[in-house]
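Asker: This is upload.txt (compact mmCIF, C-alpha atoms).
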```txt
# COMPACT_ATOMS: atom_id res chain seq x y z
CA MET X 1 -18.68 -39.61 29.35
CA ASP X 2 -19.75 -39.83 25.69
CA LYS X 3 -21.66 -43.15 25.61
CA ALA X 4 -21.79 -43.30 21.80
CA LEU X 5 -17.98 -43.03 21.66
CA PHE X 6 -17.41 -45.91 24.13
CA GLU X 7 -20.59 -47.93 23.49
CA THR X 8 -18.78 -51.25 22.93
CA GLU X 9 -16.53 -50.83 25.95
CA ILE X 10 -19.45 -49.85 28.17
CA GLY X 11 -21.28 -53.00 27.07
CA VAL X 12 -18.27 -55.21 27.89
CA LEU X 13 -17.81 -53.50 31.27
CA THR X 14 -21.48 -53.92 32.10
CA GLN X 15 -21.36 -57.60 31.20
CA ALA X 16 -18.22 -58.12 33.31
CA GLN X 17 -19.87 -56.40 36.29
CA ALA X 18 -22.93 -58.64 35.88
CA THR X 19 -20.75 -61.75 35.74
CA LEU X 20 -18.90 -60.62 38.88
CA ALA X 21 -22.21 -60.20 40.68
CA GLU X 22 -23.39 -63.69 39.79
CA THR X 23 -22.71 -66.53 42.17
CA GLY X 24 -22.29 -70.15 41.31
CA LEU X 25 -20.76 -69.64 37.86
CA ASP X 26 -18.01 -72.02 36.78
CA ASN X 27 -14.42 -71.00 36.12
CA ALA X 28 -14.87 -71.02 32.34
CA GLN X 29 -17.54 -68.33 32.52
CA TYR X 30 -15.39 -66.13 34.75
CA ARG X 31 -12.38 -66.66 32.47
CA HIS X 32 -14.45 -65.77 29.43
CA ALA X 33 -15.63 -62.52 31.04
CA LEU X 34 -12.05 -61.72 32.07
CA ALA X 35 -10.75 -62.47 28.56
CA GLU X 36 -13.35 -60.14 27.03
CA LEU X 37 -12.48 -57.41 29.49
CA THR X 38 -8.74 -57.84 28.89
CA HIS X 39 -9.16 -57.78 25.12
CA HIS X 40 -11.04 -54.49 25.14
CA TYR X 41 -8.72 -53.02 27.74
CA GLN X 42 -5.73 -53.79 25.52
CA ARG X 43 -7.53 -52.24 22.55
CA LEU X 44 -8.21 -49.13 24.58
CA MET X 45 -4.55 -48.92 25.62
CA ARG X 46 -3.39 -49.19 21.99
CA GLU X 47 -5.84 -46.48 20.96
CA MET X 48 -4.77 -44.29 23.85
CA HIS X 49 -1.09 -44.64 22.88
CA ARG X 50 -1.96 -43.81 19.26
CA LEU X 51 -3.84 -40.70 20.35
CA ILE X 52 -0.98 -39.65 22.63
CA ARG X 53 1.54 -40.07 19.81
CA HIS X 54 -0.74 -38.15 17.48
CA SER X 55 -1.18 -35.46 20.12
CA ASP X 56 2.57 -35.19 20.68
CA ARG X 57 3.18 -35.01 16.93
CA THR X 58 0.46 -32.40 16.54
CA GLU X 59 1.89 -30.37 19.43
CA ALA X 60 5.38 -30.55 17.92
CA GLU X 61 4.04 -29.46 14.54
CA LEU X 62 2.12 -26.59 16.13
CA ASN X 63 5.22 -25.53 18.05
CA ALA X 64 7.26 -25.57 14.84
CA VAL X 65 4.62 -23.53 13.02
CA ASN X 66 4.44 -21.09 15.92
CA ALA X 67 8.23 -20.69 15.95
CA LYS X 68 8.22 -20.07 12.19
CA LEU X 69 5.46 -17.47 12.54
CA GLN X 70 7.40 -15.71 15.29
CA GLN X 71 10.53 -15.73 13.10
CA LEU X 72 8.61 -14.34 10.12
CA SER X 73 7.01 -11.70 12.33
CA ALA X 74 10.42 -10.62 13.61
CA GLU X 75 11.81 -10.51 10.05
CA LEU X 76 8.87 -8.44 8.83
CA GLU X 77 9.23 -6.09 11.80
CA TYR X 78 12.94 -5.68 11.06
CA LYS X 79 12.37 -5.06 7.35
CA SER X 80 9.66 -2.51 8.09
CA ARG X 81 12.16 -0.44 10.11
CA HIS X 82 15.47 -0.93 8.31
CA ASP X 83 16.98 0.04 4.99
CA THR X 84 17.39 -2.98 2.73
CA LEU X 85 20.81 -2.00 1.37
CA THR X 86 22.58 -1.04 4.60
CA GLY X 87 20.60 -2.37 7.54
CA ALA X 88 20.46 1.16 8.97
CA LEU X 89 17.15 2.55 10.21
CA ASN X 90 14.90 3.72 7.40
CA ARG X 91 13.33 7.17 7.21
CA GLY X 92 10.10 6.20 8.96
CA ALA X 93 11.93 4.47 11.80
CA VAL X 94 14.28 7.45 12.22
CA PHE X 95 11.39 9.88 12.58
CA GLU X 96 9.52 7.57 14.97
CA LEU X 97 12.54 6.96 17.19
CA ALA X 98 13.52 10.64 17.21
CA ARG X 99 10.05 11.65 18.36
CA THR X 100 10.30 9.07 21.15
CA TYR X 101 13.65 10.49 22.28
CA LEU X 102 12.46 14.08 22.17
CA SER X 103 9.34 13.28 24.17
CA ASN X 104 11.42 13.11 27.35
CA ALA X 105 15.04 14.05 26.57
CA SER X 106 17.25 16.44 24.64
CA MET X 107 18.81 15.22 21.41
CA SER X 108 21.52 16.17 18.97
CA LEU X 109 20.92 15.33 15.33
CA ILE X 110 23.71 14.89 12.79
CA MET X 111 22.78 14.92 9.12
CA LEU X 112 25.36 14.00 6.50
CA ASP X 113 25.34 13.78 2.74
CA ILE X 114 27.97 12.12 0.54
CA ASP X 115 29.76 14.75 -1.53
CA HIS X 116 29.45 14.45 -5.32
CA PHE X 117 27.72 11.08 -5.09
CA LYS X 118 26.26 11.42 -8.59
CA ARG X 119 29.81 11.66 -9.89
CA ILE X 120 30.64 8.35 -8.19
CA ASN X 121 27.63 6.65 -9.79
CA ASP X 122 28.39 8.12 -13.20
CA THR X 123 32.07 7.13 -13.03
CA PHE X 124 31.90 3.69 -11.45
CA GLY X 125 28.26 2.63 -11.91
CA HIS X 126 25.36 2.23 -9.51
CA PRO X 127 26.49 -1.11 -8.02
CA THR X 128 29.72 0.56 -6.92
CA GLY X 129 27.67 3.48 -5.63
CA ASP X 130 25.71 1.04 -3.49
CA ALA X 131 28.99 -0.44 -2.23
CA VAL X 132 30.17 3.04 -1.25
CA ILE X 133 27.00 3.57 0.78
CA GLN X 134 27.46 0.21 2.50
CA GLU X 135 31.10 0.94 3.35
CA LEU X 136 30.16 4.39 4.64
CA ILE X 137 27.61 2.85 7.01
CA GLN X 138 30.26 0.40 8.23
CA ARG X 139 32.60 3.28 9.05
CA LEU X 140 29.82 5.21 10.77
CA ARG X 141 29.06 2.23 12.99
CA ILE X 142 32.70 1.95 14.04
CA VAL X 143 32.88 5.60 15.08
CA VAL X 144 29.38 6.03 16.52
CA ASN X 145 29.38 2.63 18.22
CA GLU X 146 26.56 2.68 20.80
CA GLN X 147 26.39 6.45 21.22
CA GLY X 148 23.56 6.90 18.74
CA ASP X 149 21.28 5.46 16.09
CA ILE X 150 22.23 5.58 12.41
CA GLY X 151 19.58 6.01 9.73
CA ARG X 152 19.38 6.35 5.96
CA VAL X 153 16.78 8.98 5.08
CA GLY X 154 17.56 9.43 1.38
CA GLY X 155 19.70 8.03 -1.42
CA GLU X 156 23.01 9.35 -0.09
CA GLU X 157 21.70 11.18 2.98
CA PHE X 158 22.01 9.84 6.50
CA THR X 159 21.17 10.80 10.07
CA ILE X 160 22.60 10.01 13.48
CA LEU X 161 20.32 10.42 16.49
CA LEU X 162 22.22 11.27 19.68
CA PRO X 163 19.88 11.43 22.68
CA LYS X 164 21.09 13.54 25.62
CA MET X 165 24.31 14.52 23.80
CA PRO X 166 25.23 18.24 23.96
CA LEU X 167 25.74 20.14 20.73
CA GLU X 168 29.47 20.66 21.28
CA GLU X 169 30.06 16.96 21.86
CA SER X 170 28.04 15.97 18.81
CA GLY X 171 30.14 18.42 16.79
CA ARG X 172 33.32 16.64 17.88
CA LEU X 173 31.78 13.30 16.96
CA ALA X 174 30.76 14.59 13.52
CA GLU X 175 34.31 15.83 12.90
CA HIS X 176 35.66 12.43 13.93
CA ILE X 177 33.30 10.79 11.43
CA ARG X 178 34.27 13.26 8.71
CA GLN X 179 37.92 12.38 9.16
CA ALA X 180 37.20 8.64 9.27
CA LEU X 181 35.64 8.98 5.82
CA ALA X 182 38.03 11.45 4.20
CA ARG X 183 41.42 10.20 5.37
CA LYS X 184 41.26 6.64 4.11
CA PRO X 185 40.35 5.56 0.55
CA PHE X 186 37.24 3.43 0.21
CA ASP X 187 38.12 -0.22 -0.40
CA CYS X 188 35.16 -0.75 -2.72
CA LEU X 189 36.44 1.85 -5.22
CA GLN X 190 39.83 0.12 -5.69
CA THR X 191 41.31 3.39 -6.96
CA GLU X 192 42.81 4.88 -3.77
CA GLN X 193 39.97 7.39 -3.94
CA CYS X 194 38.58 8.93 -0.77
CA VAL X 195 34.93 9.71 -0.23
CA THR X 196 33.94 12.82 1.69
CA ALA X 197 30.71 14.01 3.24
CA SER X 198 29.16 17.25 4.46
CA PHE X 199 27.60 17.51 7.93
CA GLY X 200 24.90 19.60 9.57
CA ILE X 201 24.05 19.44 13.28
CA SER X 202 21.14 20.62 15.40
CA TRP X 203 20.40 20.30 19.11
CA SER X 204 16.90 20.24 20.59
CA PRO X 205 15.53 20.32 24.15
CA PRO X 206 12.86 17.86 25.31
CA GLY X 207 9.45 18.42 23.74
CA THR X 208 10.81 19.78 20.46
CA ASP X 209 8.95 18.80 17.32
CA PHE X 210 11.30 16.55 15.36
CA GLU X 211 10.45 18.16 12.03
CA GLN X 212 11.88 21.40 13.43
CA ALA X 213 15.08 19.67 14.59
CA TYR X 214 15.38 17.99 11.20
CA SER X 215 14.86 21.28 9.35
CA ARG X 216 17.56 23.05 11.38
CA ALA X 217 20.08 20.26 10.82
CA ASP X 218 19.22 20.24 7.13
CA ALA X 219 19.83 24.01 6.94
CA ALA X 220 23.24 23.53 8.58
CA LEU X 221 24.02 20.74 6.09
CA TYR X 222 23.09 23.02 3.20
CA GLN X 223 25.45 25.64 4.64
CA ALA X 224 28.27 23.07 4.76
CA LYS X 225 27.77 22.36 1.08
CA GLN X 226 27.67 26.05 0.25
CA GLN X 227 30.96 26.55 2.07
CA GLY X 228 32.73 23.94 -0.06
CA ARG X 229 31.65 20.50 1.24
CA ASN X 230 33.69 18.03 3.34
CA ARG X 231 33.04 20.01 6.51
CA VAL X 232 30.89 20.14 9.66
CA VAL X 233 28.47 23.00 10.30
CA SER X 234 26.53 23.40 13.55
CA GLU X 235 23.29 25.34 13.78
CA ALA X 236 24.86 27.32 16.64
CA ASN X 237 27.50 28.75 14.34
CA ARG X 238 26.31 28.41 10.78
CA ASP X 239 28.57 31.15 9.45
CA GLN X 240 31.60 29.01 10.37
CA SER X 241 32.54 25.40 9.85
CA THR X 242 35.11 22.90 10.99
CA VAL X 243 37.21 21.25 8.33
CA ALA X 244 40.59 19.57 8.60
CA PRO X 245 42.99 18.35 5.94
CA ALA X 246 41.80 15.03 4.59
```
Render the structure in this file as structure tokens.

Answerer:
Amino acid sequence: MDKALFETEIGVLTQAQATLAETGLDNAQYRHALAELTHHYQRLMREMHRLIRHSDRTEAELNAVNAKLQQLSAELEYKSRHDTLTGALNRGAVFELARTYLSNASMSLIMLDIDHFKRINDTFGHPTGDAVIQELIQRLRIVVNEQGDIGRVGGEEFTILLPKMPLEESGRLAEHIRQALARKPFDCLQTEQCVTASFGISWSPPGTDFEQAYSRADAALYQAKQQGRNRVVSEANRDQSTVAPA
């Protein structure tokens, strides 16, 4: 016990113990000792309640601060991994996640690039160009659903990571996405104008360096553009492409 902190109370307690040990004292002396003891006990109880309230308030404040810090940490973590405009994974997060997938599984990689995007920006302005990108991501999410992870790796360039998906299946998915973009005008353009994209696909076994997988998909994407855009090219058959009427 810290005697300096409770010096007064210790003195009162000592005096009360001495009075209790005495014999032959009259009632007034006992009552006085009891009154002194009661007075200081009540003061201690008030102080204890004040400290408890202060402690509870401090604990609540600390809990609130801790919750806010956790929220801010989660927000910072999210922003460090996601594209601000679309909420898709950013380039760094795409590369990190792809390396994780390829460390123990095969993976198909779809790369797509909006066709003639500069023309959209020049015609409608950059805010409308941003709206096109946002609407494209919305359509990708509907088609891809939970099959893969969507990322934005450049201005109008996107990736879809498809762990454990065979190349043929990823080709069918890419064609489904291509049609979902090309067959329905984009609402944000308000001109009944469709937006198309070109696709390149690679497939990699476990242990593949992601930069190699990325390079092969990028080469297939380049081939799709060379062949006229609005089509899907797989690395397995780069001299051919799949394209359907929009």

Asker: Show which residues sit within 9 Å of Pro205 in chain X, as a ChimeraX atom specification. Count all atoms listed in the file, and ignore same-chain residues fewer than 2 positions away.

Answerer: /X:102,104-108,164,203,207-208

Asker: Could you state the separation of CA of Asp218 in chain X and CA of Ile201 in chain X in Å, given to one decimal place?

Answerer: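 We find that CA of Asp218 in chain X and CA of Ile201 in chain X lie 7.9 Å from each other.
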
Asker: Could the residues of range 140-193 of chain X that have an atom at most 9 Å from range 79-83 of chain X be listed as a tab-separated table, each with its closest atom pair and the distance in Å to one decimal, counting all atoms listed in the file and ordered by chain and ascending residue number?

Answerer:
```
residue	atom	partner	partner_atom	distance
X:Gly151	CA	X:Asp83	CA	8.1
X:Arg152	CA	X:Asp83	CA	6.8
X:Val153	CA	X:Asp83	CA	8.9
```

Asker: Distance CA of Gly129 in chain X-CA of Lys184 in chain X, one decimal place?

Answerer: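 Taking CA of Gly129 in chain X as the start and CA of Lys184 in chain X as the end point, the length is 17.0 Å.
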
Asker: Put a box with edges along x, y and z around all the listed atoms of range 208-222 of chain X, pad it by 5 Å on each side, then give me its centre and sizes in Å, one decimal, as JSON.

Answerer:
```
{"center_x": 16.5, "center_y": 20.3, "center_z": 11.8, "size_x": 25.1, "size_y": 17.5, "size_z": 27.3}
```

Asker: Considering all atoms listed in the file, can you say which of X:Thr8, X:Gln134, X:Asn27, X:Gln227 comes closest to Arg43 in chain X?

Answerer: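 Closest candidate: X:Thr8.
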
Asker: Please provide as a list in words all residues within 10 Å of Val143 in chain X, with the sequence filter that same-chain residues fewer than 6 positions apart are discarded (counting only C-alpha atoms).

Answerer: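 Listed by chain and then number, they are Leu173, Ala174, His176, Ile177 and Ala180 of chain X.
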
Asker: Compare X:Val65, X:Cys188, X:Ile110, X:Met165 by their minimum atom-to-atom distance to Asp130 in chain X, counting only C-alpha atoms, and give me the closest one.

Answerer: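 The closest residue to Asp130 in chain X is X:Cys188.
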
Asker: May I ask for the distance between CA of Thr38 in chain X and CA of Gly24 in chain X, given in Å to one decimal place?

Answerer: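 Answer for the CA of Thr38 in chain X to CA of Gly24 in chain X separation: 22.1 Å.
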
Asker: Which is closer to Ser170 in chain X than all the others in X:Val144, X:Leu97, X:Leu76, X:Leu44, using only C-alpha atoms?

Answerer: X:Val144

Asker: I'd like to know which of X:Asp187, X:Glu135, X:Asp149, X:Glu157 is closest to His116 in chain X, using only C-alpha atoms.

Answerer: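 Going through X:Asp187, X:Glu135, X:Asp149, X:Glu157 one by one, the smallest distance to His116 in chain X is for X:Glu157.
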